[in-house]
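First comes the structure, then the notes that go with it.
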Amino acid sequence: DKWPSDTFIPNDGEFTADYVVVGAGTAGSIIGYRLTEDSNVDVVMVEAGDDPPTDAELPGVFFSLPKTKIDWNYTAVDDGYSAQYHRNKFVDLPSGKVLGGSSSLHHFYYLRGDAGDFEDWVKASGNESWSLENLLPYFKKSERLEDKEISDSDFGKVHGYNGEVGITRRVTELPEKYLQAFKEVGHPVVVDIHGNHIKGFTQPLFFIAEKKRQSSAEGFLTRAKSRNNLHLVKNTSANRILFDSDNNAIGVECASADGRVFKVFARKEVIISAGAFNTPKLLKLSGIGPRAELESFGIKVISDLPVGENLQDHLAVVLAHGLEKTNETPSAPSLNEFPLDTFVGLGSVDPNQKKPDYLTLNLICRNNPQCLSQLCSVVFGLHQDVCNQIMKAGEGREILVSILTVGRPVSTGRVLLKSSDPNDPPVIYTGFLSNKTDLENSARYIEDFIRVVQSNYFKSVGGETLHPRLPNCSHLELNTREYWKCYVLNMMDTTFHYSSTCPMGSVLDSQLRVRGVGRLRVGDASAMPNIVSSNINAAVMVLAEKLADLLKQSR
Ligand SMILES: Cc1cc2nc3c(=O)[nH]c(=O)nc-3n(C[C@H](O)[C@H](O)[C@H](O)COP(=O)(O)OP(=O)(O)OC[C@H]3O[C@@H](n4cnc5c(N)ncnc54)[C@H](O)[C@@H]3O)c2cc1C
C-alpha cells in the first residue's frame with residue numbers, strides 16, 4: 001500500500017509527540033512532512049478521513065468525487081437571494097474528508113494569485129515576509145514543473161523543478177482558435193501566467209503528473225511512509241483542543257470513527273489545519289471565538305476573537321457560448337489526463353490596470369452534449385432545466401462553457417456553530433453578493449469577457465452568447481446591466497475556494513500563532529488574510545511551507 005499506515009490508539013489511550021497536527025489535507029500534509037524531515041522530531045497527525053480511493057487519483061473522473069464519502073458534504077444556508085435558480089436554492093460546499101483533504105478532490109488548475117493579493121497579506125500581518133517576492137522560494141520549493149516550453153521561457157525562473165508535487169500542462173489544438181479570438185479583442189495570450197502582475201489567456205498548468213492527481217497526500221504523505229517519526233491517526237476527528245492552566249495548547253481530544261475516545265499531546269505545539277470550515281469550528285468548540293456566540297452554547301471563552309467571521313470565496317458565474325456546427329466529436333483522452341479541452345484567463349476591464357479583475361476557466365465541448373452534464377448539475381448544482389438547455393445547444397455544435405469569477409470579492413460570509421456537539425456540521429453563510437459591489441462587478445466583467453463575440457473567429461462561425469431561460473430574469477432585456485446582474489444571481493455557484501475564516505491580522509499574528517493563547521497555530525486556507533485572485537491551492541501550500549519553516553526556526 002502506498003499510503004502511510006494507521007497509528008492505532010486504544011480507547012482512553014494517550015499518545016505524545018513533539019507536534020500535533022490536526023488535518024492531513026493540502027496544508028497539514030506539508031507541515032507534517034517538513035517537520036519530520038528532521039529525524040529528531042516526531043509528529044502525530046489526526047485526520048478525519050481515510051486513504052484516497054482510486055477514483056480520486058484518476059484525473060479523468062473528478063466530476064464524480066463530490067457527495068461521496070470523501071466529501072464532508074456541507075451545504076450553505078439558503079440566503080433567499082443568491083443561487084435561487086439552483087437544484088436546491090443553496091450551494092453545496094464540497095471539501096475533502098480524506099488524506100490530502102480537498103487536494104484529493106480539487107479540479108487540478110494550478111495558479112498562484114497576483115502580487116497585489118500578497119501585498120494585502122503584508123498589510124494585514126504587518127510583516128514583509130508575506131510578499132509574493134519573499135514567498136517565491138516557497139512556491140518553488142514543492143513544485144516540480146515538467147514543461148519545456150515554460151521552463152525555456154522567461155517564466156522559467158519563477159518555477160521550481162525538484163519539488164514533491166508534479167505540475168504539467170496538456171496542450172491541445174481546440175483552445176488555440178479561442179486564444180486567438182481573445183487576443184483579437186485585446187487580451188494578451190501568454191505561455192504562462194505566473195509572475196508578479198500577469199494578465200492574459202493561456203492553456204493552464206495542472207496538479208497532474210505521472211498520469212495521476214498530485215495531491216498533498218500523493219506528493220508528501222507517500223514520501224513519508226517509511227518515516228517512523230510521523231504517526232498518522234486516520235478516521236479520527238479532533239473534537240477539542242486541550243489547554244493547561246496558562247492557556248497553552250497541550251494537545252487535542254479525539255474520537256475515532258469506530259467510537260474510541262483518546263488524547264494526543266504535544267511537547268511543543270499544536271497546529272490546526274482542518275480547512276476553512278472545520279478550523280474555525282474546532283477553535284470555537286475549544287473556547288476561541290466571538291464571546292457572545294460561544295457563551296450562547298455554554299462554551300467557556302479562552303480568547304475572544306472574530307473566528308469564522310471573514311469567510312471569503314470566489315463566486316462562479318457559468319456562461320455558455322454556441323459556436324461552429326459540427327458532427328465531429330474528438331475522442332476522449334485517457335482517464336489519466338484532464339478530461340476536457342480547456343484554457344484560462346486573467347482579465348481586467350481597464351487594459352492598463354496591472355492587477356487582474358477576473359479569472360475565467362473555460363471548457364470546450366465539441367458535439368458532445370453529455371460532456372458537461374455532471375459538471376452542470378452535480379458540481380455546480382444548476383437547475384436541471386438550465387443544464388438541459390446548455391446540453392441541447394451542444395448537439396451538432398461546439399460550445400464553450402466559461403466559469404467567470406470576481407478575483408477579489410468584497411462580500412464576506414460566516415462560519416457559525418450549530419451547537420456545542422462536535423458531530424454537528426458548522427452553519428455556513430457564504431455571504432455571496434451580499435455587498436452590491438460584487439454584483440455590479442460580476443456584470444461588468446461578464447460584459448468585458450463577452451466582447452469576444454465581436455472577434456473574427458466568433459463572427460465567422462456564428463458564435464453567440466447563449467441565454468438559458470431564467471424565470472426570474474424573463475422581464476429584463478437581454479445583455480443589459482440589469483439582466484446580467486439577474487443572470488449572475490441565478491447562474492452562480494462557488495469555485496470551492498473557501499478561505500480567511502481565521503485570518504492573519506485579527507485572529508492570528510504574522511507567525512500564524514492564535515492570539516491570546518500559547519503554543520497554538522493555524523496553517524491552512526483559513527489563515528489567509530484575504531483570498532488570492534485565482535485558484536487557491538498553491539497559495540495554501542505556500543502558507544504551509546512557510547509555517548513549517550517558522551516552526552523549525554522557533555525550535
Ligand atoms: C471541488 C473542489 C475543487 C477545487 N478546485 C481547485 C482547483 O482546481 N485549483 C485550486 O488551486 N484549488 C482548488 N480547490 C481549492 C483547494 O483544493 C483548497 O483550497 C485546499 O485544498 C484547502 O486546503 P486546506 O489545507 O485549507 O484544507 P483541506 O485540504 O480541505 O484539509 C483539511 C483536512 O482536515 C481534515 N479535518 C477537518 N476537520 C477535522 C477534525 N476535526 N479532525 C481531524 N481532521 C479534520 C479534513 O478531513 C481534511 O483532510 C478546489 C476545492 C474543491 C473542494
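Ligands are numbered from 1 in the order shown, residues from 1 within each chain, and chains are lettered A, B, ... in the order they appear in the C-alpha cells.
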Skipping near chain neighbours, those fewer than 5 positions away, what residues fall within 7 Å of Thr342 in chain A using only C-alpha atoms, listed as JSON, numbers by chain? {"A": [175, 203, 362, 363, 364]}
Check every protein, DNA and RNA residue against ligand 1, keep those with an atom at most 6 Å away (counting only C-alpha atoms and all ligand atoms), and present them as a PDB file with N, CA and C atoms, in the first residue's frame.
```pdb
ATOM      1  N   VAL A  22      -3.579  18.758  13.297  1.00  0.00           N
ATOM      2  CA  VAL A  22      -4.957  18.316  13.051  1.00  0.00           C
ATOM      3  C   VAL A  22      -5.288  18.554  11.576  1.00  0.00           C
ATOM      4  N   GLY A  23      -5.562  17.454  10.846  1.00  0.00           N
ATOM      5  CA  GLY A  23      -5.911  17.558   9.426  1.00  0.00           C
ATOM      6  C   GLY A  23      -4.718  17.243   8.548  1.00  0.00           C
ATOM      7  N   ALA A  24      -4.872  16.215   7.689  1.00  0.00           N
ATOM      8  CA  ALA A  24      -3.812  15.849   6.741  1.00  0.00           C
ATOM      9  C   ALA A  24      -4.254  16.238   5.343  1.00  0.00           C
ATOM     10  N   GLY A  25      -4.673  17.494   5.182  1.00  0.00           N
ATOM     11  CA  GLY A  25      -5.115  17.990   3.880  1.00  0.00           C
ATOM     12  C   GLY A  25      -3.989  18.655   3.120  1.00  0.00           C
ATOM     13  N   THR A  26      -4.356  19.590   2.234  1.00  0.00           N
ATOM     14  CA  THR A  26      -3.344  20.308   1.446  1.00  0.00           C
ATOM     15  C   THR A  26      -2.236  20.823   2.355  1.00  0.00           C
ATOM     16  N   ALA A  27      -2.612  21.548   3.404  1.00  0.00           N
ATOM     17  CA  ALA A  27      -1.611  22.199   4.248  1.00  0.00           C
ATOM     18  C   ALA A  27      -1.027  21.244   5.287  1.00  0.00           C
ATOM     19  N   GLY A  28      -1.892  20.503   5.993  1.00  0.00           N
ATOM     20  CA  GLY A  28      -1.417  19.648   7.083  1.00  0.00           C
ATOM     21  C   GLY A  28      -0.390  18.623   6.620  1.00  0.00           C
ATOM     22  N   VAL A  46      -3.666  13.919  13.069  1.00  0.00           N
ATOM     23  CA  VAL A  46      -5.005  13.371  13.270  1.00  0.00           C
ATOM     24  C   VAL A  46      -5.847  13.743  12.053  1.00  0.00           C
ATOM     25  N   GLU A  47      -6.383  12.758  11.354  1.00  0.00           N
ATOM     26  CA  GLU A  47      -7.148  13.047  10.129  1.00  0.00           C
ATOM     27  C   GLU A  47      -8.496  12.323  10.170  1.00  0.00           C
ATOM     28  N   ALA A  48      -9.556  13.067   9.914  1.00  0.00           N
ATOM     29  CA  ALA A  48     -10.907  12.506   9.973  1.00  0.00           C
ATOM     30  C   ALA A  48     -11.162  11.487   8.861  1.00  0.00           C
ATOM     31  N   GLY A  49     -10.473  11.630   7.724  1.00  0.00           N
ATOM     32  CA  GLY A  49     -10.735  10.744   6.589  1.00  0.00           C
ATOM     33  C   GLY A  49      -9.776   9.568   6.526  1.00  0.00           C
ATOM     34  N   PRO A  94     -18.552  21.278  -1.282  1.00  0.00           N
ATOM     35  CA  PRO A  94     -17.725  20.084  -1.101  1.00  0.00           C
ATOM     36  C   PRO A  94     -16.359  20.437  -0.523  1.00  0.00           C
ATOM     37  N   SER A  95     -15.862  19.576   0.360  1.00  0.00           N
ATOM     38  CA  SER A  95     -14.466  19.697   0.794  1.00  0.00           C
ATOM     39  C   SER A  95     -14.001  18.328   1.267  1.00  0.00           C
ATOM     40  N   GLY A  96     -12.728  18.081   1.097  1.00  0.00           N
ATOM     41  CA  GLY A  96     -12.195  16.728   1.244  1.00  0.00           C
ATOM     42  C   GLY A  96     -12.133  16.223   2.672  1.00  0.00           C
ATOM     43  N   LYS A  97     -12.650  14.995   2.872  1.00  0.00           N
ATOM     44  CA  LYS A  97     -12.506  14.283   4.148  1.00  0.00           C
ATOM     45  C   LYS A  97     -11.751  13.004   3.817  1.00  0.00           C
ATOM     46  N   VAL A  98     -10.445  13.142   3.665  1.00  0.00           N
ATOM     47  CA  VAL A  98      -9.636  12.069   3.089  1.00  0.00           C
ATOM     48  C   VAL A  98      -8.176  12.528   3.208  1.00  0.00           C
ATOM     49  N   LEU A  99      -7.224  11.603   3.158  1.00  0.00           N
ATOM     50  CA  LEU A  99      -5.824  12.048   3.137  1.00  0.00           C
ATOM     51  C   LEU A  99      -5.632  12.966   1.938  1.00  0.00           C
ATOM     52  N   GLY A 100      -4.973  14.086   2.148  1.00  0.00           N
ATOM     53  CA  GLY A 100      -4.823  15.073   1.076  1.00  0.00           C
ATOM     54  C   GLY A 100      -5.912  16.128   1.147  1.00  0.00           C
ATOM     55  N   GLY A 101      -6.976  15.875   1.923  1.00  0.00           N
ATOM     56  CA  GLY A 101      -8.050  16.862   2.082  1.00  0.00           C
ATOM     57  C   GLY A 101      -8.631  17.269   0.735  1.00  0.00           C
ATOM     58  N   SER A 102      -8.880  18.540   0.561  1.00  0.00           N
ATOM     59  CA  SER A 102      -9.515  18.997  -0.680  1.00  0.00           C
ATOM     60  C   SER A 102      -8.576  18.876  -1.883  1.00  0.00           C
ATOM     61  N   SER A 103      -7.276  18.711  -1.659  1.00  0.00           N
ATOM     62  CA  SER A 103      -6.392  18.495  -2.823  1.00  0.00           C
ATOM     63  C   SER A 103      -6.624  17.113  -3.421  1.00  0.00           C
ATOM     64  N   LEU A 105      -9.686  16.110  -4.063  1.00  0.00           N
ATOM     65  CA  LEU A 105     -10.846  16.209  -4.962  1.00  0.00           C
ATOM     66  C   LEU A 105     -10.925  17.531  -5.721  1.00  0.00           C
ATOM     67  N   HIS A 106      -9.851  18.312  -5.685  1.00  0.00           N
ATOM     68  CA  HIS A 106      -9.900  19.586  -6.417  1.00  0.00           C
ATOM     69  C   HIS A 106      -9.864  19.344  -7.930  1.00  0.00           C
ATOM     70  N   HIS A 107      -9.935  20.460  -8.689  1.00  0.00           N
ATOM     71  CA  HIS A 107     -10.075  20.352 -10.145  1.00  0.00           C
ATOM     72  C   HIS A 107      -8.768  20.586 -10.899  1.00  0.00           C
ATOM     73  N   PHE A 108      -7.651  20.512 -10.218  1.00  0.00           N
ATOM     74  CA  PHE A 108      -6.307  20.451 -10.818  1.00  0.00           C
ATOM     75  C   PHE A 108      -5.697  21.773 -11.287  1.00  0.00           C
ATOM     76  N   TYR A 109      -6.489  22.835 -11.466  1.00  0.00           N
ATOM     77  CA  TYR A 109      -5.926  24.076 -12.018  1.00  0.00           C
ATOM     78  C   TYR A 109      -4.860  24.634 -11.087  1.00  0.00           C
ATOM     79  N   TYR A 110      -3.686  24.886 -11.630  1.00  0.00           N
ATOM     80  CA  TYR A 110      -2.582  25.447 -10.840  1.00  0.00           C
ATOM     81  C   TYR A 110      -2.416  26.918 -11.187  1.00  0.00           C
ATOM     82  N   THR A 236     -10.212   9.689  12.304  1.00  0.00           N
ATOM     83  CA  THR A 236     -10.317  10.227  13.661  1.00  0.00           C
ATOM     84  C   THR A 236     -10.483  11.741  13.640  1.00  0.00           C
ATOM     85  N   SER A 237     -11.471  12.227  14.376  1.00  0.00           N
ATOM     86  CA  SER A 237     -11.699  13.674  14.445  1.00  0.00           C
ATOM     87  C   SER A 237     -11.166  14.250  15.738  1.00  0.00           C
ATOM     88  N   ALA A 238     -10.520  15.399  15.627  1.00  0.00           N
ATOM     89  CA  ALA A 238     -10.176  16.165  16.825  1.00  0.00           C
ATOM     90  C   ALA A 238     -11.438  16.924  17.219  1.00  0.00           C
ATOM     91  N   ASN A 239     -11.870  16.756  18.472  1.00  0.00           N
ATOM     92  CA  ASN A 239     -13.120  17.385  18.910  1.00  0.00           C
ATOM     93  C   ASN A 239     -12.899  18.640  19.729  1.00  0.00           C
ATOM     94  N   SER A 273      -4.958  22.443  11.018  1.00  0.00           N
ATOM     95  CA  SER A 273      -5.005  22.542   9.552  1.00  0.00           C
ATOM     96  C   SER A 273      -6.245  21.803   9.055  1.00  0.00           C
ATOM     97  N   ALA A 274      -7.392  22.115   9.639  1.00  0.00           N
ATOM     98  CA  ALA A 274      -8.614  21.365   9.350  1.00  0.00           C
ATOM     99  C   ALA A 274      -9.454  22.005   8.246  1.00  0.00           C
ATOM    100  N   GLY A 275      -8.925  23.055   7.596  1.00  0.00           N
ATOM    101  CA  GLY A 275      -9.632  23.689   6.480  1.00  0.00           C
ATOM    102  C   GLY A 275     -10.509  24.849   6.941  1.00  0.00           C
ATOM    103  N   ALA A 276     -10.997  25.633   5.984  1.00  0.00           N
ATOM    104  CA  ALA A 276     -11.650  26.916   6.292  1.00  0.00           C
ATOM    105  C   ALA A 276     -12.998  26.781   6.996  1.00  0.00           C
ATOM    106  N   ASN A 278     -13.722  23.698   9.107  1.00  0.00           N
ATOM    107  CA  ASN A 278     -13.548  22.941  10.347  1.00  0.00           C
ATOM    108  C   ASN A 278     -12.522  23.532  11.301  1.00  0.00           C
ATOM    109  N   PHE A 496     -15.274  26.822  -4.777  1.00  0.00           N
ATOM    110  CA  PHE A 496     -14.721  25.960  -3.719  1.00  0.00           C
ATOM    111  C   PHE A 496     -13.439  26.519  -3.099  1.00  0.00           C
ATOM    112  N   HIS A 497     -13.313  27.863  -3.144  1.00  0.00           N
ATOM    113  CA  HIS A 497     -12.085  28.469  -2.613  1.00  0.00           C
ATOM    114  C   HIS A 497     -12.313  29.094  -1.241  1.00  0.00           C
ATOM    115  N   ASP A 524      -3.606  26.727   7.263  1.00  0.00           N
ATOM    116  CA  ASP A 524      -4.446  26.214   6.169  1.00  0.00           C
ATOM    117  C   ASP A 524      -5.118  27.408   5.505  1.00  0.00           C
ATOM    118  N   ALA A 525      -6.114  27.152   4.640  1.00  0.00           N
ATOM    119  CA  ALA A 525      -6.748  28.245   3.894  1.00  0.00           C
ATOM    120  C   ALA A 525      -7.411  29.252   4.819  1.00  0.00           C
ATOM    121  N   ASN A 535      -7.272  30.464  -8.398  1.00  0.00           N
ATOM    122  CA  ASN A 535      -7.460  29.249  -7.595  1.00  0.00           C
ATOM    123  C   ASN A 535      -6.447  29.264  -6.450  1.00  0.00           C
ATOM    124  N   ILE A 536      -6.808  28.685  -5.298  1.00  0.00           N
ATOM    125  CA  ILE A 536      -6.010  28.990  -4.105  1.00  0.00           C
ATOM    126  C   ILE A 536      -5.117  27.862  -3.594  1.00  0.00           C
ATOM    127  N   ASN A 537      -5.191  26.674  -4.202  1.00  0.00           N
ATOM    128  CA  ASN A 537      -4.453  25.556  -3.597  1.00  0.00           C
ATOM    129  C   ASN A 537      -2.943  25.823  -3.494  1.00  0.00           C
ATOM    130  N   ALA A 538      -2.365  26.433  -4.529  1.00  0.00           N
ATOM    131  CA  ALA A 538      -0.916  26.695  -4.491  1.00  0.00           C
ATOM    132  C   ALA A 538      -0.581  27.680  -3.373  1.00  0.00           C
ATOM    133  N   VAL A 540      -2.256  28.023  -0.580  1.00  0.00           N
ATOM    134  CA  VAL A 540      -2.376  27.292   0.693  1.00  0.00           C
ATOM    135  C   VAL A 540      -1.097  26.480   0.937  1.00  0.00           C
TER     136      VAL A 540
END
```
Have a look at CA of Ser151 in chain A and CA of Pro339 in chain A and let me know their distance in Å, one decimal.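 Rounded to one decimal, the two atoms are 24.4 Å apart.
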Residue contacts of range 78-86 of chain A (7 Å, only C-alpha atoms) excluding same-chain residues fewer than 2 positions away, as a ChimeraX atom specification: /A:76,88-91,381-383,432,489-493
Write to file, as a PDB file, in the first residue's frame, the residues of the selection just made, with N, CA and C atoms.
```
ATOM      1  N   ALA A  76     -24.456  25.320   2.120  1.00  0.00           N
ATOM      2  CA  ALA A  76     -24.626  26.669   2.660  1.00  0.00           C
ATOM      3  C   ALA A  76     -26.080  26.876   3.072  1.00  0.00           C
ATOM      4  N   ASN A  88     -31.279  23.306  -5.599  1.00  0.00           N
ATOM      5  CA  ASN A  88     -31.664  23.401  -4.197  1.00  0.00           C
ATOM      6  C   ASN A  88     -31.772  24.801  -3.604  1.00  0.00           C
ATOM      7  N   LYS A  89     -31.641  25.845  -4.363  1.00  0.00           N
ATOM      8  CA  LYS A  89     -31.661  27.229  -3.842  1.00  0.00           C
ATOM      9  C   LYS A  89     -30.576  27.503  -2.811  1.00  0.00           C
ATOM     10  N   PHE A  90     -29.591  26.646  -2.735  1.00  0.00           N
ATOM     11  CA  PHE A  90     -28.418  26.941  -1.904  1.00  0.00           C
ATOM     12  C   PHE A  90     -27.245  26.226  -2.561  1.00  0.00           C
ATOM     13  N   VAL A  91     -26.043  26.597  -2.165  1.00  0.00           N
ATOM     14  CA  VAL A  91     -24.903  25.961  -2.819  1.00  0.00           C
ATOM     15  C   VAL A  91     -24.335  24.832  -1.959  1.00  0.00           C
ATOM     16  N   GLY A 381     -24.521  22.344  -9.469  1.00  0.00           N
ATOM     17  CA  GLY A 381     -25.870  22.282  -8.905  1.00  0.00           C
ATOM     18  C   GLY A 381     -26.870  23.217  -9.561  1.00  0.00           C
ATOM     19  N   LEU A 382     -26.644  23.580 -10.848  1.00  0.00           N
ATOM     20  CA  LEU A 382     -27.596  24.478 -11.508  1.00  0.00           C
ATOM     21  C   LEU A 382     -28.916  23.745 -11.749  1.00  0.00           C
ATOM     22  N   HIS A 383     -29.966  24.508 -11.972  1.00  0.00           N
ATOM     23  CA  HIS A 383     -31.289  23.929 -12.214  1.00  0.00           C
ATOM     24  C   HIS A 383     -31.218  22.996 -13.427  1.00  0.00           C
ATOM     25  N   PHE A 432     -22.285  35.366  -0.368  1.00  0.00           N
ATOM     26  CA  PHE A 432     -22.085  35.696  -1.783  1.00  0.00           C
ATOM     27  C   PHE A 432     -22.943  36.879  -2.203  1.00  0.00           C
ATOM     28  N   LEU A 489     -27.036  36.300 -10.283  1.00  0.00           N
ATOM     29  CA  LEU A 489     -27.692  35.778  -9.076  1.00  0.00           C
ATOM     30  C   LEU A 489     -28.235  34.368  -9.278  1.00  0.00           C
ATOM     31  N   ASN A 490     -28.622  34.065 -10.518  1.00  0.00           N
ATOM     32  CA  ASN A 490     -29.253  32.775 -10.786  1.00  0.00           C
ATOM     33  C   ASN A 490     -28.297  31.711 -11.318  1.00  0.00           C
ATOM     34  N   MET A 491     -27.235  32.147 -11.980  1.00  0.00           N
ATOM     35  CA  MET A 491     -26.325  31.196 -12.648  1.00  0.00           C
ATOM     36  C   MET A 491     -24.993  31.097 -11.916  1.00  0.00           C
ATOM     37  N   MET A 492     -25.013  31.271 -10.621  1.00  0.00           N
ATOM     38  CA  MET A 492     -23.756  31.281  -9.877  1.00  0.00           C
ATOM     39  C   MET A 492     -23.611  30.054  -8.979  1.00  0.00           C
ATOM     40  N   ASP A 493     -22.377  29.816  -8.656  1.00  0.00           N
ATOM     41  CA  ASP A 493     -22.071  28.771  -7.681  1.00  0.00           C
ATOM     42  C   ASP A 493     -20.754  29.158  -7.009  1.00  0.00           C
TER      43      ASP A 493
END
```
Using only C-alpha atoms for the distances, tell me which of A:Ser460, A:Val427, A:Thr36, A:Val21 is nearest to Leu230 in chain A.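 Result for the nearest residue to Leu230 in chain A: A:Thr36.
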Interatomic distance (Å, one decimal) between CA of Val488 in chain A and CA of Val317 in chain A: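 Separation of CA of Val488 in chain A and CA of Val317 in chain A: 5.9 Å.
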Name the residues in contact with Gln553 in chain A at a cut-off of 12 Å, using only C-alpha atoms, excluding same-chain residues fewer than 6 positions from it; report them as a ChimeraX atom specification. /A:35,511,546-547
With distances taken over only C-alpha atoms, which residue among A:Ala257, A:Val307, A:Ala209, A:Leu359 lies nearest Ile193 in chain A? A:Leu359
Residues within 8 Å of Pro468 in chain A, only C-alpha atoms, excluding chain neighbours under 5 positions, as a compact mmCIF listing (two decimals) with N, CA and C atoms, in the first residue's frame:
```
# COMPACT_ATOMS: atom_id res chain seq x y z
N VAL A 386 -31.75 24.48 -16.85
CA VAL A 386 -30.62 25.22 -17.42
C VAL A 386 -29.62 24.24 -18.03
N GLN A 389 -30.82 22.84 -21.28
CA GLN A 389 -30.73 23.79 -22.39
C GLN A 389 -29.30 23.91 -22.92
N ILE A 390 -28.35 23.94 -21.99
CA ILE A 390 -26.95 24.05 -22.44
C ILE A 390 -26.55 22.78 -23.19
```
Please list as a ChimeraX atom specification every residue within 9 Å of Arg170 in chain A, counting only C-alpha atoms and excluding residues in the same chain fewer than 2 positions away. /A:168,172,203-206,337-338,341
Expected file contents, prior selection, N, CA and C atoms, as an mmCIF file, in the first residue's frame:
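As written to disk, selection-v8.cif reads:
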```
data_model
loop_
_atom_site.group_PDB
_atom_site.id
_atom_site.type_symbol
_atom_site.label_atom_id
_atom_site.label_comp_id
_atom_site.auth_asym_id
_atom_site.auth_seq_id
_atom_site.Cartn_x
_atom_site.Cartn_y
_atom_site.Cartn_z
ATOM 1 N N THR A 168 2.061 19.861 -14.651
ATOM 2 C CA THR A 168 2.211 19.726 -16.104
ATOM 3 C C THR A 168 1.096 20.484 -16.825
ATOM 4 N N THR A 172 -3.479 21.286 -26.122
ATOM 5 C CA THR A 172 -4.275 20.664 -27.177
ATOM 6 C C THR A 172 -4.601 21.707 -28.240
ATOM 7 N N GLN A 203 -3.187 28.157 -21.991
ATOM 8 C CA GLN A 203 -3.565 26.794 -21.593
ATOM 9 C C GLN A 203 -2.905 26.533 -20.242
ATOM 10 N N PRO A 204 -3.669 26.075 -19.256
ATOM 11 C CA PRO A 204 -3.197 26.110 -17.870
ATOM 12 C C PRO A 204 -2.268 24.979 -17.470
ATOM 13 N N LEU A 205 -1.617 25.220 -16.338
ATOM 14 C CA LEU A 205 -0.872 24.156 -15.664
ATOM 15 C C LEU A 205 -1.830 23.414 -14.740
ATOM 16 N N PHE A 206 -1.530 22.138 -14.538
ATOM 17 C CA PHE A 206 -2.372 21.286 -13.696
ATOM 18 C C PHE A 206 -1.565 20.598 -12.602
ATOM 19 N N GLU A 337 -5.685 11.752 -17.802
ATOM 20 C CA GLU A 337 -5.454 13.148 -18.171
ATOM 21 C C GLU A 337 -6.657 13.996 -17.800
ATOM 22 N N PHE A 338 -6.446 15.316 -17.782
ATOM 23 C CA PHE A 338 -7.567 16.225 -17.574
ATOM 24 C C PHE A 338 -8.562 15.966 -18.705
ATOM 25 N N ASP A 341 -10.882 19.814 -23.138
ATOM 26 C CA ASP A 341 -10.049 20.895 -23.655
ATOM 27 C C ASP A 341 -10.368 22.141 -22.844
#
```
Given the choices A:Val406, A:Val507, A:Ala548, A:Val77, which gets closest to Asp304 in chain A if the distance is worked out from only C-alpha atoms? A:Val507
From a backbone DSSP assignment, name each residue in range 238-362 of chain A labelled strand (DSSP E), as JSON, numbers by chain. {"A": [238, 239, 240, 241, 242, 243, 249, 250, 251, 252, 253, 254, 255, 256, 261, 262, 263, 264, 265, 266, 267, 268, 269, 270, 271, 272, 288, 289, 303, 304, 315, 316, 317, 318, 319, 320, 321, 322, 323, 324, 325, 341, 342, 343, 344, 345, 346, 347, 358, 359, 360, 361, 362]}
Mind listing the alpha helix (DSSP H) residues of range 99-271 of chain A, per DSSP on the backbone, as number ranges by chain? A: 115-125, 132-142, 148-151, 175-184, 216
Using only C-alpha atoms: which of A:Ser526, A:Asn11, A:Ser125, A:Ser104 has the shortest distance to Ala544 in chain A: A:Ser526
For Cys486 in chain A, work out the shell of residues within 10 Å, counting only C-alpha atoms and skipping chain neighbours fewer than 2 positions away, then give it as an NGL selection string. :A and (82 or 439 or 443 or 470 or 472-474 or 476 or 480-484 or 488-491)
Could you tell me how far CA of Phe220 in chain A lies from CA of Glu164 in chain A, in Å and to one decimal? 6.5 Å
Can you work out which one of A:Asn352, A:Thr437, A:Ser419, A:Ser442 has the shortest atom-to-atom distance to Gly186 in chain A, counting only C-alpha atoms?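 Residue with the minimum atom-to-atom distance to Gly186 in chain A: A:Asn352.
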A:Val189, A:Leu416, A:Met541, A:Val158: which is nearest Lys177 in chain A, counting only C-alpha atoms?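 Closest to Lys177 in chain A of all the choices is A:Val189.
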